[in-house]
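> Just passing along the structure, written as structure tokens.
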Amino acid sequence: MSHKRATKRKAFIAAGGVAALGAAALILPNAMASQTESKDAAPKTLAASDASDLASQLREALGDAFAGAYYDSAEKQLIINVIDGLQIDGDDNDVIVQAQSAGAEVREVENSWSELQKGAATLKAKASVPGTAWAIDPRTNKIQVTADSTVTGENWDTIESATKSLGTGMATIKKSAGTFKTFLEGGDAIFGGGARCSAGFNVVNAEGAPAFLTAGHCGVVEAEWSEEEGGAPIATVDAATATFPGAGDFALVNYDDPATQAASTVDLGNGQTVDIKAAGEAEVGLQVFRMGSTTGLADGQVTGLEATVNYPEGTVTGLIQTDVCAEPGDSGGSLFTEDGQAIGLTSGGSGDCTVGGETFFQPVTTALAAVGATLGDAGAGAGEEAAGGAGAGEQADGGAAAGAGQEEGAAAAGAGEEEGAAAAGAGEEQGVVGGAGDAGAAAGAGDDAGADQQHDQGVGDQGAEQQGAEQQGVRQ
């Protein structure tokens with residue numbers, strides 16, 4: 001990822017995004033076609049960002065009738081699930097009519113979203129066995145339960161019994177050949193003690209200073225992080241934000257130098273970058289790309305939402321499930337879309353980039369809200385007195401801190417930035433991650449596994465060539 005710094009040190013530029021997701025603002029209220037017209041209307045072709053925005057609106061409007069949504073990336077259409085038995089043509093179903101008029105395809109299913117959430121809560125209470133995970137899949141209208149290779153004997157009986165107790169048609173269970181563990185390495189590599197993670201997205205913290213997001217399991221293991229193995233620290237974890245295990249896997253890491261300039265880009269290696277323009281919500285079926293310092297660029301689809309993973313270290317909730325591969329060192333790395341939306345931070349999973357597997361990501365939107373940060377380019381010199389330098393705390397048009405106290409006419413850092421410029425967060429990971437099966441033993445805190453893979457790749461350096469950097473669909 002390209003970047004600048006006002007000092008000699010470099011800023012981690014894994015990926016970042018500025019504006020709110022919403023090119024299709026208030027689509028639903030504008031859909032005022034008649035019921036007859038909407039019944040016969042074909043679903044519209046929608047960009048992924050517009051489909052995600054519309055799905056959020058319809059979820060709120062449908063209330064208890066909502067049963068999930070997913071994006072058909074091949075047809076570029078949004079499918080909205082509603083519970084079976086609703087009279088879609090009835091006068092009391094104007095919201096559904098409007099959903100069709102807005103361009104969504106409406107599908108009737110058995111299980112409501114709230115019922116699926118209750119089922120997931122039952123699994124958490126009865127079957128929080130290490131090596132298991134579950135997520136809601138709107139395409140099947142069921143909870144997908146997965147047990148890794150370590151779940152055998154009584155533990156398998158427990159998870160199988162809990163799944164069956166939900167009733168017919170509520171959940172399915174499958175075995176995974178790998179082992180669920182956190183992935184402790186990343187996009188642009190970062191190092192803390194004996195651990196290695198990846199930077200995710202640059203952000204502006206609540207005080208207007210530059211920072212980045214990374215995986216929580218990295219943040220709870222090491223407090224200080226550097227851009228080179230054995231190098232001097234350049235950023236410090238905000239201990240109050242580090243979350244793992246529990247309700248997420250994220251941490252805010254503040255750059256030690258307030259003059260750091262952290263751009264909203266993802267470094268793909270070989271001098272190639274992707275601009276991050278927004279923080280977006282995941283939808284099942286959405287095509288996503290993951291960048292990590294160990295494996296480079298990989299892509300796949302979102303396969304589940306509101307995922308719960310029972311790692312050896314504890315249970316983590318509220319994650320995104322995908323089929324994108326990852327390996328140790330990729331933790332904290334950025335998950336993003338073709339059109340520049342920041343989606344997630346790499347948490348963990350099973351498998352590797354040879355055999356594949358299941359992977360889980362911390363939603364960026366949830367992490368931002370929890371730590372009080374915003375995506376956007378972090379301006380140089382927050383709090384500096386130099387004329388023309390960035391001032392303390394002010395922000396112009398959503399950009400980085402503008403120069404409070406600067407002389408009139410002096411250029412404020414970020415003052416001329418476009419609204420919505422996103423900050424690439426450094427999503428670091430610590431060595432807790434392992435690959436699937438024989439391919440990946442868990443890298444513990446202080447574990448050197450994978451620490452010398454691409455360890456010379458600093459933030460902003462072109463680094464080692466990353467496989468797949470020119471993958472089709474990612475805009476350079």
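The chains in the structure tokens are called A, B, ... from first to last as shown; in each chain the residues are counted from 1, and the ligands are counted from 1 in the order shown.
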Taking the chain letters and numbering used in this document, name the residues of region 94-194 of chain A that DSSP puts in strand (DSSP E), as a list of chain:residue names.

A:Glu105, A:Val106, A:Arg107, A:Glu108, A:Val109, A:Thr132, A:Ala133, A:Trp134, A:Ala135, A:Ile136, A:Asp137, A:Lys142, A:Ile143, A:Gln144, A:Val145, A:Thr146, A:Ala147, A:Ala171, A:Thr172, A:Ile173, A:Lys174, A:Lys175, A:Lys181, A:Thr182, A:Ala189, A:Ile190, A:Phe191, A:Gly192

> Neighbours of Gly248 (chain A) within 7 Å (only C-alpha atoms; same-chain residues fewer than 6 positions away dropped), as a PyMOL selection string?

chain A and resi 316-319+362

> Only N, CA and C atoms, please: the residues just picked out, written as a compact mmCIF listing (two decimals), in the first residue's frame.


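Output below, filename out08.txt:
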# COMPACT_ATOMS: atom_id res chain seq x y z
N VAL A 316 -15.77 -16.57 20.28
CA VAL A 316 -15.89 -15.24 19.67
C VAL A 316 -17.19 -15.20 18.87
N THR A 317 -17.96 -14.14 19.04
CA THR A 317 -19.25 -14.01 18.36
C THR A 317 -19.25 -12.82 17.40
N GLY A 318 -20.27 -12.79 16.53
CA GLY A 318 -20.49 -11.65 15.64
C GLY A 318 -19.58 -11.58 14.44
N LEU A 319 -19.04 -12.71 13.98
CA LEU A 319 -18.09 -12.71 12.87
C LEU A 319 -18.76 -12.98 11.52
N GLN A 362 -13.71 -10.29 11.49
CA GLN A 362 -14.36 -9.29 12.32
C GLN A 362 -14.95 -8.21 11.41

> Nearest to Lys181 (chain A) among A:Asn202, A:Ser347, A:Thr45, A:Thr168, with distances taken over only C-alpha atoms: which residue is it?

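Closest to Lys181 (chain A), using only C-alpha atoms: A:Ser347.
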
> Please, which residues of region 68-218 of chain A, numbered as in this document, come out helix (DSSP H, G or I) from DSSP, as a ChimeraX atom specification?

/A:94-101,113-126,153-165,216-218

> Ranking A:Ala162, A:Ala298, A:Val253, A:Ala42 by minimum distance to Leu268 (chain A) and counting only C-alpha atoms, which one comes first?

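Ranking A:Ala162, A:Ala298, A:Val253, A:Ala42 by distance to Leu268 (chain A), first place goes to A:Ala298.
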
> Neighbouring residues of Pro233 (chain A) were defined as those with any atom within 7 Å, considering only C-alpha atoms; residues of the same chain fewer than 4 positions away were excluded. Please report them as a VMD selection string.

chain A and resid 224 to 226

> Would you kindly return, as an MDAnalysis selection string, each protein, DNA or RNA residue with an atom no farther than 9 Å from any atom of Phe244 (chain A), considering only C-alpha atoms and excluding same-chain residues fewer than 5 positions away?

chainID A and resid 215:220 249:251 313:316

> Restricting the output to all heavy atoms, write the selected residues as a JSON list (two decimals), in the first residue's frame.


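New file out-v5.json:
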[["chain", "number", "residue", "atom", "x", "y", "z"],
["A", 215, "ALA", "N", -6.46, -7.43, 14.43],
["A", 215, "ALA", "CA", -7.19, -8.47, 15.16],
["A", 215, "ALA", "C", -6.99, -8.31, 16.66],
["A", 215, "ALA", "O", -5.90, -7.96, 17.13],
["A", 215, "ALA", "CB", -6.71, -9.85, 14.72],
["A", 216, "GLY", "N", -8.04, -8.55, 17.43],
["A", 216, "GLY", "CA", -7.96, -8.45, 18.87],
["A", 216, "GLY", "C", -7.01, -9.46, 19.48],
["A", 216, "GLY", "O", -6.35, -9.16, 20.49],
["A", 217, "HIS", "N", -6.93, -10.65, 18.88],
["A", 217, "HIS", "CA", -6.04, -11.65, 19.47],
["A", 217, "HIS", "C", -4.57, -11.27, 19.29],
["A", 217, "HIS", "O", -3.70, -11.81, 19.96],
["A", 217, "HIS", "CB", -6.33, -13.06, 18.92],
["A", 217, "HIS", "CG", -6.05, -13.24, 17.47],
["A", 217, "HIS", "ND1", -7.00, -13.14, 16.49],
["A", 217, "HIS", "CD2", -4.90, -13.56, 16.83],
["A", 217, "HIS", "CE1", -6.48, -13.38, 15.31],
["A", 217, "HIS", "NE2", -5.20, -13.64, 15.49],
["A", 218, "CYS", "N", -4.32, -10.31, 18.39],
["A", 218, "CYS", "CA", -2.97, -9.74, 18.31],
["A", 218, "CYS", "C", -2.79, -8.69, 19.40],
["A", 218, "CYS", "O", -1.77, -8.64, 20.07],
["A", 218, "CYS", "CB", -2.76, -9.10, 16.94],
["A", 218, "CYS", "SG", -2.88, -10.24, 15.56],
["A", 219, "GLY", "N", -3.82, -7.86, 19.57],
["A", 219, "GLY", "CA", -3.74, -6.77, 20.53],
["A", 219, "GLY", "C", -3.65, -7.21, 21.98],
["A", 219, "GLY", "O", -3.09, -6.48, 22.81],
["A", 220, "VAL", "N", -4.19, -8.37, 22.31],
["A", 220, "VAL", "CA", -4.13, -8.81, 23.70],
["A", 220, "VAL", "C", -2.83, -9.55, 24.02],
["A", 220, "VAL", "O", -2.52, -9.79, 25.19],
["A", 220, "VAL", "CB", -5.34, -9.72, 24.06],
["A", 220, "VAL", "CG1", -6.64, -8.97, 23.87],
["A", 220, "VAL", "CG2", -5.32, -11.00, 23.23],
["A", 249, "ASP", "N", -13.29, -9.70, 17.59],
["A", 249, "ASP", "CA", -11.85, -9.95, 17.53],
["A", 249, "ASP", "C", -11.20, -8.73, 16.87],
["A", 249, "ASP", "O", -10.92, -8.73, 15.68],
["A", 249, "ASP", "CB", -11.57, -11.22, 16.73],
["A", 249, "ASP", "CG", -10.10, -11.64, 16.77],
["A", 249, "ASP", "OD1", -9.29, -10.93, 17.39],
["A", 249, "ASP", "OD2", -9.77, -12.68, 16.16],
["A", 250, "PHE", "N", -11.00, -7.66, 17.64],
["A", 250, "PHE", "CA", -10.47, -6.42, 17.08],
["A", 250, "PHE", "C", -9.72, -5.63, 18.13],
["A", 250, "PHE", "O", -9.90, -5.82, 19.34],
["A", 250, "PHE", "CB", -11.61, -5.55, 16.51],
["A", 250, "PHE", "CG", -12.65, -5.18, 17.53],
["A", 250, "PHE", "CD1", -12.52, -4.05, 18.33],
["A", 250, "PHE", "CD2", -13.78, -5.98, 17.71],
["A", 250, "PHE", "CE1", -13.48, -3.73, 19.28],
["A", 250, "PHE", "CE2", -14.75, -5.66, 18.65],
["A", 250, "PHE", "CZ", -14.59, -4.53, 19.44],
["A", 251, "ALA", "N", -8.84, -4.73, 17.66],
["A", 251, "ALA", "CA", -8.10, -3.83, 18.54],
["A", 251, "ALA", "C", -7.71, -2.59, 17.77],
["A", 251, "ALA", "O", -7.49, -2.64, 16.55],
["A", 251, "ALA", "CB", -6.85, -4.51, 19.10],
["A", 313, "GLU", "N", -8.77, -20.59, 22.59],
["A", 313, "GLU", "CA", -8.64, -19.52, 23.58],
["A", 313, "GLU", "C", -9.97, -19.04, 24.12],
["A", 313, "GLU", "O", -10.01, -18.31, 25.12],
["A", 313, "GLU", "CB", -7.91, -18.31, 22.96],
["A", 313, "GLU", "CG", -6.51, -18.61, 22.48],
["A", 313, "GLU", "CD", -6.47, -19.19, 21.08],
["A", 313, "GLU", "OE1", -7.54, -19.38, 20.46],
["A", 313, "GLU", "OE2", -5.35, -19.43, 20.59],
["A", 314, "GLY", "N", -11.07, -19.40, 23.47],
["A", 314, "GLY", "CA", -12.38, -18.97, 23.92],
["A", 314, "GLY", "C", -13.33, -18.72, 22.76],
["A", 314, "GLY", "O", -12.96, -18.82, 21.59],
["A", 315, "THR", "N", -14.56, -18.39, 23.08],
["A", 315, "THR", "CA", -15.61, -18.19, 22.08],
["A", 315, "THR", "C", -15.64, -16.75, 21.60],
["A", 315, "THR", "O", -15.56, -15.81, 22.40],
["A", 315, "THR", "CB", -16.98, -18.56, 22.66],
["A", 315, "THR", "OG1", -16.97, -19.94, 23.05],
["A", 315, "THR", "CG2", -18.09, -18.32, 21.64],
["A", 316, "VAL", "N", -15.77, -16.57, 20.28],
["A", 316, "VAL", "CA", -15.89, -15.24, 19.67],
["A", 316, "VAL", "C", -17.19, -15.20, 18.87],
["A", 316, "VAL", "O", -17.49, -16.13, 18.11],
["A", 316, "VAL", "CB", -14.69, -14.93, 18.75],
["A", 316, "VAL", "CG1", -14.85, -13.54, 18.12],
["A", 316, "VAL", "CG2", -13.39, -15.01, 19.51]]

> Taking into account only C-alpha atoms, which residue in the set A:Gln57, A:Thr214, A:Ser176, A:Ser73 is nearest to Ala367 (chain A)?

A:Thr214

> Between A:Gln301, A:Asn310, A:Asn81, A:Thr374, single out the one closest to Ser128 (chain A), counting only C-alpha atoms.

A:Asn310

> Quick one: everything within 8 Å of Ile83 (chain A), counting only C-alpha atoms, minus sequence neighbours fewer than 3 positions away in the same chain. Send it as a ChimeraX atom specification.

/A:65-67,86,108-112

> Counting only C-alpha atoms, figure out which residue out of A:Leu213, A:Leu62, A:Ala177, A:Ala104 gets nearest to Leu46 (chain A).

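Using only C-alpha atoms, Leu46 (chain A) sits closest to A:Ala104.
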
> Restricting the calculation to only C-alpha atoms: of A:Gly376, A:Pro43, A:Gly230, A:Gly153, which residue gets closest to Gly103 (chain A)?

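Under the stated criterion, the closest residue is A:Pro43.
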
> Residues at most 7 Å from Ala127 (chain A), counting only C-alpha atoms, excluding those fewer than 4 positions away in the same chain, as a list in words?

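So, after excluding close chain neighbours, the residues are Leu123, Thr158, Ile159 and Ala162 of chain A.
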
> Restricting the output to C-alpha atoms, write the selected residues as a PDB file, in the first residue's frame.


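And here is the file that came out, selection.pdb:
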ATOM      1  CA  LEU A 123     -26.051 -23.704  20.369  1.00  0.00           C
ATOM      2  CA  THR A 158     -22.754 -32.919  22.212  1.00  0.00           C
ATOM      3  CA  ILE A 159     -22.714 -30.764  19.089  1.00  0.00           C
ATOM      4  CA  ALA A 162     -27.614 -29.694  20.255  1.00  0.00           C
TER       5      ALA A 162
END

> Please identify every residue of region 280-317 of chain A that has at least one atom no farther than 12 Å from an atom of region 261-266 of chain A, counting only C-alpha atoms, and for each give the shortest atom pair and the distance in Å to one decimal, arranged by chain then increasing number, as JSON lines.


{"residue": "A:Phe289", "atom": "CA", "partner": "A:Val266", "partner_atom": "CA", "distance": 10.6}
{"residue": "A:Arg290", "atom": "CA", "partner": "A:Val266", "partner_atom": "CA", "distance": 9.9}
{"residue": "A:Met291", "atom": "CA", "partner": "A:Val266", "partner_atom": "CA", "distance": 7.8}
{"residue": "A:Gly292", "atom": "CA", "partner": "A:Val266", "partner_atom": "CA", "distance": 10.2}
{"residue": "A:Ser293", "atom": "CA", "partner": "A:Val266", "partner_atom": "CA", "distance": 11.6}
{"residue": "A:Gly296", "atom": "CA", "partner": "A:Val266", "partner_atom": "CA", "distance": 11.2}
{"residue": "A:Leu297", "atom": "CA", "partner": "A:Val266", "partner_atom": "CA", "distance": 10.4}
